[in-house]
Amino acid sequence: MRRTTGTTTGNGNGNGTDRGTGARTSARRLGALVSVAALALVAGCSSVTYEQTPLPVAATPRPTSPASPTTAPACDNARQSYDPLPSAPRLTNASSTSDATMRRIVERGYLTVGVSADTYLFGARDPFTGKLEGFDIDMARAVAQAMFGDPGKISFRVITANDRLPLLEDKQVDMVVRNMSMTCDRWTKIAFSAEYYRSGQKVLVGKNVPDAAGLTLAGLKGRRVCAPTGTTSLTKLQSVLGSADVVTAPNHTGCLVLLQQGKADAITGDDTVLAGLAAQDPNTVITSAKAITTEPYGIGFNKDDVYLARYVNRVIADLEADGRWKTIYDRWLATPLGPAPAPPTPVYGR
């Protein structure tokens, strides 16, 4: 499967925006989503009044230095982020801030954000409108709303999981909102916001698999299990099953295609991602086995962009305090995952 990148943009007039509508999804739309899922990384159409962000072909993997650590360094808490700003001021012009990154964003006139286009419910392209929508998309738009007073002042770049760190390290995007787990090893390469969502790794199998409901990851030894490259799900899968039973794809949609083609027997990933896959393919089911990991999601930044991370931490805190976080959850996740839990408790002080 070829990795493709795309960009979707919006403007102050609301043109070109990708607004989610949540529970309106119909059976007809779900069926169409499955048929186009493998093409979900194709670029969408834009309608903008400002200059578009140049679109690289793909992120170039950074070479690994011999001195690079091979294991995660000592880390007290991967969920610990920077203290939020006292407030999230509106950025009306370059003189609104003394931070170089924020000035560059203001001068450009919009945020650039790396997102998924194939993670149904979190970041996916509506097959009928071509617009990106989901929990992560709404979180990114909330940051644009705080900065510019307009959730449409944002340029989405569709990326794979494996693209996330290189794009941030090379400053090709301002931030990544793509269901990314916070880990100590990743903190050595990039910076994170406070945790904005809590997930856990589970297993998806076909309903025709014997004892499907109770299967654990360890119980799938000897069967082909798929996880996307560049994910913590793949790392955990390899540690449990070894390499012999592991199948990879660029993204979870690719794993679903392999499962449907009989080239994989199961898929492992965060329960939120698997819920989206199960909604797309009614012949699959998430096993009832307990999650084998805890996956705290954080918004990613370049390691030097501490002020931007602090700004976004204020936005997240405000979303949770005024009920907008719950509204976003209810729009996308209440139906498949049940009533909204309390938002994750932030950990500051890094």
# chains A, B, ... in the order shown; residues from 1 in each chain; ligands from 1
>>> residues_around(residues="Tyr196 (chain A)", least_positions_apart="3", cutoff="7 Å", atoms="only C-alpha atoms", output="VMD selection string")
chain A and resid 297 to 298 316 344
>>> select_by_dssp(residues="region 217-346 of chain A", states="alpha helix (DSSP H)", output="PyMOL selection string")
chain A and resi 232-241+252-260+271-280+306-321+324-332+334-337
>>> closest_residue(among="A:Ala142, A:Phe301, A:Pro84, A:Val176", to="Arg157 (chain A)", atoms="only C-alpha atoms")
A:Val176
>>> closest_atom_pairs(of="region 293-340 of chain A", to="region 260-277 of chain A", cutoff="8 Å", atoms="only C-alpha atoms", output="CSV")
residue,atom,partner,partner_atom,distance
A:Glu295,CA,A:Asp270,CA,7.4
A:Pro336,CA,A:Ala275,CA,6.5
A:Leu337,CA,A:Ala275,CA,7.6
>>> closest_residue(among="A:Pro86, A:Gly300, A:Gly109, A:Gly149", to="Pro166 (chain A)", atoms="only C-alpha atoms")
A:Gly300
>>> residues_around(residues="Tyr120 (chain A)", least_positions_apart="5", cutoff="10 Å", atoms="only C-alpha atoms", output="compact mmCIF listing (two decimals) with N, CA and C atoms, in the first residue's frame")
# COMPACT_ATOMS: atom_id res chain seq x y z
N LEU A 30 -21.39 4.15 6.13
CA LEU A 30 -20.40 3.20 6.64
C LEU A 30 -19.94 2.24 5.55
N LEU A 33 -17.63 4.00 3.32
CA LEU A 33 -16.35 4.25 3.96
C LEU A 33 -15.43 3.06 3.86
N ALA A 37 -11.77 3.16 2.07
CA ALA A 37 -10.84 3.31 3.19
C ALA A 37 -9.40 3.21 2.77
N ARG A 125 -11.84 10.76 6.54
CA ARG A 125 -12.44 11.56 5.48
C ARG A 125 -13.83 11.03 5.15
N ASP A 126 -14.82 11.89 5.24
CA ASP A 126 -16.17 11.51 4.86
C ASP A 126 -16.17 11.17 3.37
N LEU A 132 -12.56 16.11 6.38
CA LEU A 132 -12.02 15.38 7.52
C LEU A 132 -12.88 15.65 8.75
N GLU A 133 -13.08 14.62 9.56
CA GLU A 133 -13.91 14.77 10.74
C GLU A 133 -13.53 13.74 11.79
N GLY A 134 -13.89 14.02 13.04
CA GLY A 134 -13.61 13.10 14.13
C GLY A 134 -13.15 13.83 15.38
N PHE A 135 -12.91 13.06 16.43
CA PHE A 135 -12.52 13.61 17.73
C PHE A 135 -11.24 14.44 17.61
N HIS A 252 -4.14 1.43 10.18
CA HIS A 252 -5.12 0.43 10.60
C HIS A 252 -6.09 0.08 9.48
N THR A 253 -6.37 1.01 8.58
CA THR A 253 -7.21 0.68 7.44
C THR A 253 -6.55 -0.39 6.60
N THR A 272 -10.17 2.69 20.78
CA THR A 272 -10.88 3.72 20.03
C THR A 272 -10.76 3.49 18.53
N VAL A 273 -9.55 3.13 18.09
CA VAL A 273 -9.32 2.87 16.67
C VAL A 273 -10.08 1.62 16.23
N LEU A 274 -10.01 0.58 17.04
CA LEU A 274 -10.69 -0.67 16.70
C LEU A 274 -12.21 -0.48 16.66
N ALA A 275 -12.73 0.41 17.52
CA ALA A 275 -14.18 0.68 17.51
C ALA A 275 -14.58 1.25 16.15
N GLY A 276 -13.74 2.10 15.57
CA GLY A 276 -14.02 2.64 14.26
C GLY A 276 -13.99 1.57 13.18
N LEU A 277 -13.03 0.64 13.28
CA LEU A 277 -12.94 -0.45 12.30
C LEU A 277 -14.16 -1.36 12.40
N ALA A 278 -14.57 -1.67 13.63
CA ALA A 278 -15.73 -2.54 13.83
C ALA A 278 -17.00 -1.90 13.29
N ALA A 279 -17.09 -0.56 13.40
CA ALA A 279 -18.25 0.14 12.86
C ALA A 279 -18.26 0.08 11.34
N GLN A 280 -17.08 0.04 10.73
CA GLN A 280 -16.99 -0.03 9.27
C GLN A 280 -17.27 -1.44 8.76
N TRP A 332 -18.74 11.95 18.86
CA TRP A 332 -18.04 10.91 18.12
C TRP A 332 -17.99 9.55 18.80
>>> closest_residue(among="A:Thr327, A:Asn208, A:Ser87, A:Asn251", to="Val315 (chain A)", atoms="only C-alpha atoms")
A:Ser87
>>> closest_residue(among="A:Phe148, A:Tyr197, A:Tyr311, A:Phe156", to="Val173 (chain A)", atoms="only C-alpha atoms")
A:Phe156
>>> closest_residue(among="A:Ile328, A:Asn313, A:Ala321, A:Gly222", to="Met139 (chain A)", atoms="only C-alpha atoms")
A:Ile328
>>> select_by_dssp(residues="region 135-273 of chain A", states="strand (DSSP E)", output="ChimeraX atom specification")
/A:154-158,175-176,190-192,197-199,201-206,225-228,246-249,266-270
>>> write_last_selection(atoms="N, CA and C atoms", output="JSON list (two decimals), in the first residue's frame")
[["chain", "number", "residue", "atom", "x", "y", "z"],
["A", 154, "ILE", "N", -7.01, 26.53, 9.51],
["A", 154, "ILE", "CA", -6.19, 25.36, 9.78],
["A", 154, "ILE", "C", -5.92, 24.63, 8.47],
["A", 155, "SER", "N", -4.74, 24.10, 8.33],
["A", 155, "SER", "CA", -4.37, 23.31, 7.16],
["A", 155, "SER", "C", -4.02, 21.91, 7.64],
["A", 156, "PHE", "N", -4.82, 20.93, 7.26],
["A", 156, "PHE", "CA", -4.59, 19.55, 7.67],
["A", 156, "PHE", "C", -3.67, 18.85, 6.67],
["A", 157, "ARG", "N", -2.67, 18.20, 7.19],
["A", 157, "ARG", "CA", -1.82, 17.34, 6.36],
["A", 157, "ARG", "C", -2.06, 15.89, 6.78],
["A", 158, "VAL", "N", -2.54, 15.10, 5.85],
["A", 158, "VAL", "CA", -2.83, 13.69, 6.13],
["A", 158, "VAL", "C", -1.51, 12.91, 6.17],
["A", 175, "MET", "N", 1.87, 21.00, 14.65],
["A", 175, "MET", "CA", 1.55, 20.00, 15.66],
["A", 175, "MET", "C", 0.92, 18.78, 14.99],
["A", 176, "VAL", "N", 0.90, 17.68, 15.72],
["A", 176, "VAL", "CA", 0.29, 16.44, 15.24],
["A", 176, "VAL", "C", -0.80, 16.05, 16.22],
["A", 190, "ILE", "N", 10.38, 14.59, 20.64],
["A", 190, "ILE", "CA", 9.38, 15.63, 20.45],
["A", 190, "ILE", "C", 8.84, 16.06, 21.81],
["A", 191, "ALA", "N", 7.94, 17.01, 21.81],
["A", 191, "ALA", "CA", 7.23, 17.43, 23.02],
["A", 191, "ALA", "C", 5.76, 17.07, 22.90],
["A", 192, "PHE", "N", 5.09, 16.95, 24.03],
["A", 192, "PHE", "CA", 3.67, 16.60, 24.07],
["A", 192, "PHE", "C", 2.89, 17.63, 24.87],
["A", 197, "TYR", "N", -6.77, 12.34, 25.96],
["A", 197, "TYR", "CA", -7.67, 11.19, 25.87],
["A", 197, "TYR", "C", -6.94, 9.95, 26.37],
["A", 198, "ARG", "N", -7.66, 9.04, 27.01],
["A", 198, "ARG", "CA", -7.08, 7.80, 27.54],
["A", 198, "ARG", "C", -7.67, 6.60, 26.80],
["A", 199, "SER", "N", -6.81, 5.80, 26.20],
["A", 199, "SER", "CA", -7.23, 4.61, 25.47],
["A", 199, "SER", "C", -6.49, 3.40, 26.02],
["A", 201, "GLN", "N", -4.86, -0.76, 24.51],
["A", 201, "GLN", "CA", -4.68, -1.68, 23.38],
["A", 201, "GLN", "C", -5.51, -2.94, 23.54],
["A", 202, "LYS", "N", -6.30, -3.26, 22.50],
["A", 202, "LYS", "CA", -7.13, -4.46, 22.48],
["A", 202, "LYS", "C", -6.97, -5.20, 21.16],
["A", 203, "VAL", "N", -7.87, -6.14, 20.89],
["A", 203, "VAL", "CA", -7.76, -7.00, 19.71],
["A", 203, "VAL", "C", -9.09, -7.03, 18.97],
["A", 204, "LEU", "N", -9.03, -6.95, 17.63],
["A", 204, "LEU", "CA", -10.20, -7.07, 16.77],
["A", 204, "LEU", "C", -10.04, -8.32, 15.92],
["A", 205, "VAL", "N", -11.09, -9.14, 15.86],
["A", 205, "VAL", "CA", -11.06, -10.37, 15.05],
["A", 205, "VAL", "C", -12.37, -10.49, 14.28],
["A", 206, "GLY", "N", -12.41, -11.40, 13.33],
["A", 206, "GLY", "CA", -13.65, -11.70, 12.64],
["A", 206, "GLY", "C", -14.61, -12.44, 13.55],
["A", 225, "VAL", "N", -1.29, -11.52, 13.16],
["A", 225, "VAL", "CA", -1.89, -10.35, 13.79],
["A", 225, "VAL", "C", -1.26, -9.11, 13.19],
["A", 226, "CYS", "N", -2.10, -8.14, 12.80],
["A", 226, "CYS", "CA", -1.64, -6.94, 12.12],
["A", 226, "CYS", "C", -1.64, -5.73, 13.05],
["A", 227, "ALA", "N", -0.60, -4.91, 12.90],
["A", 227, "ALA", "CA", -0.52, -3.60, 13.55],
["A", 227, "ALA", "C", 0.23, -2.66, 12.62],
["A", 228, "PRO", "N", -0.10, -1.37, 12.64],
["A", 228, "PRO", "CA", 0.58, -0.42, 11.74],
["A", 228, "PRO", "C", 2.03, -0.17, 12.16],
["A", 246, "VAL", "N", 3.64, -11.60, 13.18],
["A", 246, "VAL", "CA", 3.31, -10.19, 13.02],
["A", 246, "VAL", "C", 3.16, -9.84, 11.54],
["A", 247, "VAL", "N", 2.06, -9.14, 11.22],
["A", 247, "VAL", "CA", 1.82, -8.59, 9.89],
["A", 247, "VAL", "C", 1.71, -7.08, 10.06],
["A", 248, "THR", "N", 2.30, -6.32, 9.14],
["A", 248, "THR", "CA", 2.24, -4.86, 9.26],
["A", 248, "THR", "C", 1.57, -4.23, 8.04],
["A", 249, "ALA", "N", 1.11, -3.00, 8.25],
["A", 249, "ALA", "CA", 0.52, -2.18, 7.19],
["A", 249, "ALA", "C", 0.83, -0.73, 7.54],
["A", 266, "ALA", "N", -6.20, -11.21, 12.77],
["A", 266, "ALA", "CA", -6.62, -10.30, 13.82],
["A", 266, "ALA", "C", -5.88, -8.98, 13.65],
["A", 267, "ILE", "N", -6.40, -7.94, 14.30],
["A", 267, "ILE", "CA", -5.78, -6.62, 14.32],
["A", 267, "ILE", "C", -5.67, -6.19, 15.77],
["A", 268, "THR", "N", -4.55, -5.59, 16.13],
["A", 268, "THR", "CA", -4.42, -5.04, 17.47],
["A", 268, "THR", "C", -4.18, -3.55, 17.37],
["A", 269, "GLY", "N", -4.69, -2.82, 18.35],
["A", 269, "GLY", "CA", -4.55, -1.37, 18.37],
["A", 269, "GLY", "C", -5.37, -0.78, 19.51],
["A", 270, "ASP", "N", -5.38, 0.52, 19.59],
["A", 270, "ASP", "CA", -6.15, 1.19, 20.64],
["A", 270, "ASP", "C", -7.64, 0.89, 20.46]]
